[in-house]
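So this one's protein-v9.txt, compact mmCIF, C-alpha atoms:
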# COMPACT_ATOMS: atom_id res chain seq x y z
CA GLY C 274 0.00 0.00 0.00
CA ALA C 275 0.80 3.73 0.05
CA VAL C 276 2.04 3.98 -3.52
CA VAL C 277 2.65 7.32 -5.19
CA SER C 278 3.16 7.70 -8.92
CA GLN C 279 4.43 10.54 -11.06
CA HIS C 280 3.93 11.24 -14.72
CA PRO C 281 5.90 11.73 -16.80
CA SER C 282 9.07 10.15 -15.49
CA TRP C 283 11.12 12.39 -17.73
CA VAL C 284 10.40 15.29 -20.04
CA ILE C 285 12.41 17.47 -22.39
CA CYS C 286 10.98 20.79 -23.47
CA LYS C 287 12.00 23.96 -25.21
CA SER C 288 12.72 27.14 -23.32
CA GLY C 289 9.58 29.23 -22.88
CA THR C 290 7.11 26.36 -22.88
CA SER C 291 5.11 25.07 -19.93
CA VAL C 292 5.33 21.59 -18.50
CA LYS C 293 2.82 19.81 -16.27
CA ILE C 294 3.84 17.04 -13.87
CA GLU C 295 1.25 14.83 -12.20
CA CYS C 296 1.47 13.23 -8.77
CA ARG C 297 -1.05 10.57 -7.82
CA SER C 298 -1.66 8.60 -4.66
CA LEU C 299 -2.75 5.24 -6.04
CA ASP C 300 -4.21 3.46 -3.04
CA PHE C 301 -4.98 6.14 -0.50
CA GLN C 302 -6.40 9.61 -0.29
CA ALA C 303 -4.14 12.51 0.46
CA THR C 304 -5.34 15.97 1.34
CA THR C 305 -1.72 17.04 1.66
CA MET C 306 0.97 16.50 -0.92
CA PHE C 307 4.40 18.02 -1.20
CA TRP C 308 6.62 19.03 -4.10
CA TYR C 309 10.38 18.88 -3.86
CA ARG C 310 13.18 19.86 -6.17
CA GLN C 311 16.54 18.18 -6.33
CA PHE C 312 19.54 19.50 -8.24
CA PRO C 313 22.34 17.09 -9.20
CA LYS C 314 24.28 15.81 -6.25
CA GLN C 315 22.19 17.86 -3.83
CA SER C 316 19.48 17.18 -1.30
CA LEU C 317 15.74 17.57 -1.68
CA MET C 318 14.42 21.06 -1.16
CA LEU C 319 10.77 21.51 -0.34
CA MET C 320 9.10 23.80 -2.84
CA ALA C 321 5.51 23.83 -1.65
CA THR C 322 2.79 22.09 0.27
CA SER C 323 -0.20 21.20 -1.86
CA ASN C 324 -3.55 21.25 -0.08
CA GLU C 325 -6.63 19.66 -1.59
CA GLY C 326 -9.29 22.25 -2.29
CA SER C 327 -7.18 25.24 -1.31
CA LYS C 328 -4.16 27.20 -2.39
CA ALA C 329 -0.72 25.74 -2.10
CA THR C 330 1.71 27.02 0.49
CA TYR C 331 5.04 27.94 -1.06
CA GLU C 332 8.40 27.94 0.65
CA GLN C 333 10.38 31.12 0.81
CA GLY C 334 12.09 31.94 -2.45
CA VAL C 335 9.84 29.76 -4.63
CA GLU C 336 7.96 31.72 -7.29
CA LYS C 337 4.32 30.75 -7.04
CA ASP C 338 3.52 32.24 -10.44
CA LYS C 339 6.18 30.12 -12.05
CA PHE C 340 5.43 26.87 -10.27
CA LEU C 341 1.67 26.47 -10.35
CA ILE C 342 0.24 23.81 -8.10
CA ASN C 343 -3.26 22.42 -8.34
CA HIS C 344 -4.65 19.82 -5.94
CA ALA C 345 -8.10 19.30 -7.36
CA SER C 346 -8.82 15.87 -5.95
CA LEU C 347 -7.80 13.71 -3.02
CA THR C 348 -5.52 11.62 -5.21
CA LEU C 349 -4.01 14.10 -7.65
CA SER C 350 -1.74 17.10 -7.43
CA THR C 351 -0.16 18.76 -10.43
CA LEU C 352 2.88 20.99 -10.74
CA THR C 353 3.09 23.20 -13.80
CA VAL C 354 6.39 24.84 -14.59
CA THR C 355 5.41 27.88 -16.61
CA SER C 356 7.70 29.47 -19.19
CA ALA C 357 10.41 27.00 -18.36
CA HIS C 358 14.06 27.98 -18.74
CA PRO C 359 17.24 25.91 -18.60
CA GLU C 360 17.76 26.81 -14.95
CA ASP C 361 14.49 25.03 -14.15
CA SER C 362 16.03 21.75 -15.28
CA SER C 363 15.97 19.53 -12.25
CA PHE C 364 14.57 16.38 -10.67
CA TYR C 365 11.10 17.02 -9.25
CA ILE C 366 9.78 14.66 -6.60
CA CYS C 367 6.35 14.66 -5.02
CA SER C 368 5.13 13.00 -1.87
CA ALA C 369 1.75 12.35 -0.32
CA ARG C 370 0.99 12.35 3.35
CA VAL C 371 -0.81 9.46 4.97
CA GLU C 372 -3.32 10.86 7.38
CA ALA C 373 -4.19 9.21 10.65
CA GLY C 374 -4.55 11.78 13.39
CA ALA C 375 -1.15 12.99 14.46
CA TYR C 376 0.58 10.22 12.52
CA ASN C 377 2.77 11.80 9.92
CA GLU C 378 4.50 9.96 7.15
CA GLN C 379 5.05 10.87 3.57
CA PHE C 380 5.33 8.47 0.66
CA PHE C 381 7.41 9.56 -2.26
CA GLY C 382 6.89 9.32 -5.97
CA PRO C 383 9.65 8.09 -8.29
CA GLY C 384 10.46 11.59 -9.52
CA THR C 385 10.30 13.46 -12.82
CA ARG C 386 13.44 14.53 -14.65
CA LEU C 387 12.86 17.85 -16.41
CA THR C 388 15.34 19.07 -19.00
CA VAL C 389 14.75 22.47 -20.57
CA LEU C 390 16.69 23.14 -23.75
CA ALA Q 188 12.29 24.84 13.52
CA GLN Q 189 14.02 21.57 12.80
CA SER Q 190 17.33 20.96 11.12
CA VAL Q 191 19.30 17.92 10.09
CA THR Q 192 23.05 17.56 9.80
CA GLN Q 193 24.80 14.80 7.92
CA LEU Q 194 28.44 15.57 8.57
CA ASP Q 195 29.88 13.07 6.11
CA SER Q 196 29.33 13.97 2.49
CA GLN Q 197 31.11 10.84 1.30
CA VAL Q 198 31.92 7.56 3.00
CA PRO Q 199 34.11 5.03 1.20
CA VAL Q 200 34.13 1.54 2.68
CA PHE Q 201 35.33 -1.85 1.52
CA GLU Q 202 32.86 -4.60 0.73
CA GLU Q 203 31.81 -6.70 3.73
CA ALA Q 204 33.06 -4.05 6.17
CA PRO Q 205 30.70 -2.35 8.63
CA VAL Q 206 29.54 1.20 8.05
CA GLU Q 207 27.94 3.97 10.06
CA LEU Q 208 26.37 7.05 8.46
CA ARG Q 209 25.87 9.85 10.91
CA CYS Q 210 22.79 12.01 11.34
CA ASN Q 211 22.19 14.64 13.98
CA TYR Q 212 19.06 16.69 14.28
CA SER Q 213 17.89 19.77 16.09
CA SER Q 214 14.35 20.26 17.30
CA SER Q 215 12.54 21.74 20.26
CA VAL Q 216 9.68 19.28 19.94
CA SER Q 217 9.24 15.57 19.45
CA VAL Q 218 10.12 14.33 16.00
CA TYR Q 219 9.85 11.47 13.60
CA LEU Q 220 13.11 10.40 11.96
CA PHE Q 221 13.70 8.67 8.65
CA TRP Q 222 16.48 7.29 6.52
CA TYR Q 223 16.07 7.06 2.75
CA VAL Q 224 18.28 5.66 0.03
CA GLN Q 225 18.44 7.05 -3.48
CA TYR Q 226 20.02 5.25 -6.41
CA PRO Q 227 21.08 7.28 -9.47
CA ASN Q 228 18.18 8.80 -11.37
CA GLN Q 229 15.65 7.23 -9.05
CA GLY Q 230 13.30 8.40 -6.33
CA LEU Q 231 13.62 7.84 -2.61
CA GLN Q 232 13.27 4.45 -0.99
CA LEU Q 233 12.50 4.28 2.71
CA LEU Q 234 15.10 2.30 4.65
CA LEU Q 235 13.67 2.73 8.12
CA LYS Q 236 11.83 5.10 10.38
CA TYR Q 237 11.57 6.00 14.02
CA LEU Q 238 8.13 7.11 15.14
CA SER Q 239 8.08 5.99 18.78
CA GLY Q 240 8.85 3.00 20.96
CA SER Q 241 12.08 1.06 20.77
CA THR Q 242 15.05 3.27 20.02
CA LEU Q 243 16.71 0.59 17.89
CA VAL Q 244 15.01 0.46 14.55
CA LYS Q 245 15.60 -2.25 11.98
CA GLY Q 246 15.00 -1.59 8.33
CA ILE Q 247 15.34 -3.18 4.95
CA ASN Q 248 18.53 -4.54 3.38
CA GLY Q 249 20.12 -5.21 6.76
CA PHE Q 250 20.24 -1.60 7.89
CA GLU Q 251 19.44 -0.41 11.39
CA ALA Q 252 19.51 2.89 13.24
CA GLU Q 253 19.43 3.96 16.85
CA PHE Q 254 17.53 6.96 18.09
CA ASN Q 255 19.49 8.74 20.81
CA LYS Q 256 17.45 11.55 22.26
CA SER Q 257 20.15 12.89 24.57
CA GLN Q 258 22.62 13.19 21.72
CA THR Q 259 19.93 14.12 19.18
CA SER Q 260 21.29 11.53 16.81
CA PHE Q 261 19.91 8.87 14.50
CA HIS Q 262 22.93 7.13 13.01
CA LEU Q 263 22.48 4.47 10.34
CA ARG Q 264 24.49 1.26 10.52
CA LYS Q 265 25.05 -1.90 8.57
CA PRO Q 266 27.37 -4.66 9.80
CA SER Q 267 28.48 -5.79 6.35
CA VAL Q 268 28.00 -3.77 3.20
CA HIS Q 269 27.68 -4.94 -0.39
CA ILE Q 270 28.64 -3.30 -3.65
CA SER Q 271 24.92 -2.80 -4.29
CA ASP Q 272 24.68 -0.52 -1.25
CA THR Q 273 26.54 2.18 -3.17
CA ALA Q 274 24.05 5.04 -3.25
CA GLU Q 275 23.09 8.36 -1.70
CA TYR Q 276 21.58 8.22 1.78
CA PHE Q 277 19.37 10.93 3.24
CA CYS Q 278 18.31 11.47 6.82
CA ALA Q 279 15.05 13.37 7.36
CA VAL Q 280 13.18 14.76 10.32
CA SER Q 281 9.56 15.67 10.70
CA ASP Q 282 7.91 17.24 13.69
CA LEU Q 283 4.53 16.39 15.11
CA SER Q 284 3.07 19.83 14.59
CA GLY Q 285 0.63 20.78 11.92
CA THR Q 286 3.02 21.48 9.06
CA TYR Q 287 3.95 17.83 8.43
CA LYS Q 288 7.03 19.00 6.58
CA TYR Q 289 10.12 16.89 6.18
CA ILE Q 290 13.53 18.48 6.49
CA PHE Q 291 16.26 16.57 4.71
CA GLY Q 292 19.93 16.42 5.44
CA THR Q 293 22.44 17.13 2.71
CA GLY Q 294 23.00 13.46 2.06
CA THR Q 295 25.89 11.02 2.39
CA ARG Q 296 27.31 9.26 -0.61
CA LEU Q 297 28.21 5.71 0.36
CA LYS Q 298 30.71 4.13 -1.98
CA VAL Q 299 31.41 0.47 -1.45
CA LEU Q 300 34.77 -0.66 -2.81
CA ALA Q 301 35.58 -4.14 -4.02
Turn this file's structure into structure tokens for me.
Amino acid sequence: GAVVSQHPSWVICKSGTSVKIECRSLDFQATTMFWYRQFPKQSLMLMATSNEGSKATYEQGVEKDKFLINHASLTLSTLTVTSAHPEDSSFYICSARVEAGAYNEQFFGPGTRLTVL
Amino acid sequence: AQSVTQLDSQVPVFEEAPVELRCNYSSSVSVYLFWYVQYPNQGLQLLLKYLSGSTLVKGINGFEAEFNKSQTSFHLRKPSVHISDTAEYFCAVSDLSGTYKYIFGTGTRLKVLA
């Protein structure tokens, strides 16, 4: 149980285009999902907390107009990188939180490799 | 606020030797602690977690970790490593407040030598 998928697993796009990445919780509902970014040989940096039915909460320094997050259902959150540029090339990982009172554990997707040419 | 420190960026070790990867955390409240492994171009795989109870936690692939509250540490150990254990290892902490955020350490690259 507690499987999280991401689609696509990798994407190459031209500079200036927008790219949408999907994160799905396959066997549980998640009102809270998270989006992380990982540059080569670096750790995961939290970009934003995605809340079902409400606006996402962005971490300091993350441009909310550039990284659009939509959490329209209890099993799906999407991250759209708008007007992508080469510096946005990175590994994007999502996670979904299992909810059971105060219990707190996130399950991670396999990641999406974005390359902007 | 929480923070995680992984002091060793790289740890080379010979095959079948024991290894310890260090993780120290800082928090003013109770926390959950996790160790993840990441192979090249892949996502995170959970090795083990400490939520409560016994301070010695056993995980997958022969790994274990001990939660030491007084030293605020959660070091990862394996008595005998294999070439296939070569990967990046991340320690993470999460508090029990309402944010549910994970804070990751900078990672330790374990390189197992033949």
Note to self: Only residues of chain Q matter here; which ones have an atom within 9 Å of chain C, counting all atoms listed in the file? Give them as a VMD selection string.
What the structure shows: chain Q and resid 219 228 to 233 238 275 277 281 to 294
Next item on the list: Tell me, in Å to one decimal, how far atom CA of Glu332 of chain C is from atom CA of Ser214 of chain Q.
Entry: 19.3 Å
Next item on the list: With a distance cut-off of 8 Å and all atoms listed in the file, select the neighbouring residues of Leu234 of chain Q, excluding the residue or stretch itself and same-chain residues fewer than 4 positions from it, and output the selection as a PyMOL selection string.
Entry: chain Q and resi 221-224+246-248+250
Item checked: Which residue of C:Thr304, C:Ser298, C:Ser346, C:Ser356 approaches His280 of chain C most closely, using only C-alpha atoms ->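 Result for the nearest residue to His280 of chain C: C:Ser298.
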Notebook entry, point to check: Which residue gives the smallest distance to Glu202 of chain Q among Q:Tyr276, Q:Gly249, Q:His269, Q:Lys298, with all atoms listed in the file counted?
Noted result: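 So, comparing all the options, the nearest one is Q:His269.
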Checklist line | Near-Thr242 of chain Q list (10 Å; only C-alpha atoms; drop same-chain fewer than 5 positions) as JSON, numbers by chain | finding: {"Q": [237, 252, 253, 254, 255, 256, 261]}
Next item on the list: Would you please work out which residue, of C:Lys339, C:Gln311, C:Gln279, C:Ala357, is nearest to Val292 of chain C when using all atoms listed in the file?
Entry: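 Of C:Lys339, C:Gln311, C:Gln279, C:Ala357, the one nearest Val292 of chain C, counting all atoms listed in the file, is C:Ala357.
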Notebook entry, point to check: Any idea what the distance is between atom CA of Met320 of chain C and atom CA of Thr273 of chain Q?
Noted result: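 Result for atom CA of Met320 of chain C versus atom CA of Thr273 of chain Q: 27.8 Å, one decimal.
Between atom CA of Gly289 of chain C and atom CA of Ile342 of chain C the separation is 18.3 Å.
Restricting the calculation to only C-alpha atoms, the smallest distance between Ser291 of chain C and any of C:Asn343, C:Thr353, C:Ser363, C:Thr388 is found for C:Thr353.
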Item checked: Option closest in space to Pro281 of chain C, from C:Gln333, C:Ser362, C:Thr351, C:Asn324 [counting only C-alpha atoms] -> C:Thr351
Next item on the list: Go through C:Asp300, C:Glu295, C:Ala345, C:Phe312 and flag the residue nearest Gly326 of chain C, using all atoms listed in the file for the distances.
Entry: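 Among the listed residues, C:Ala345 lies closest to Gly326 of chain C.
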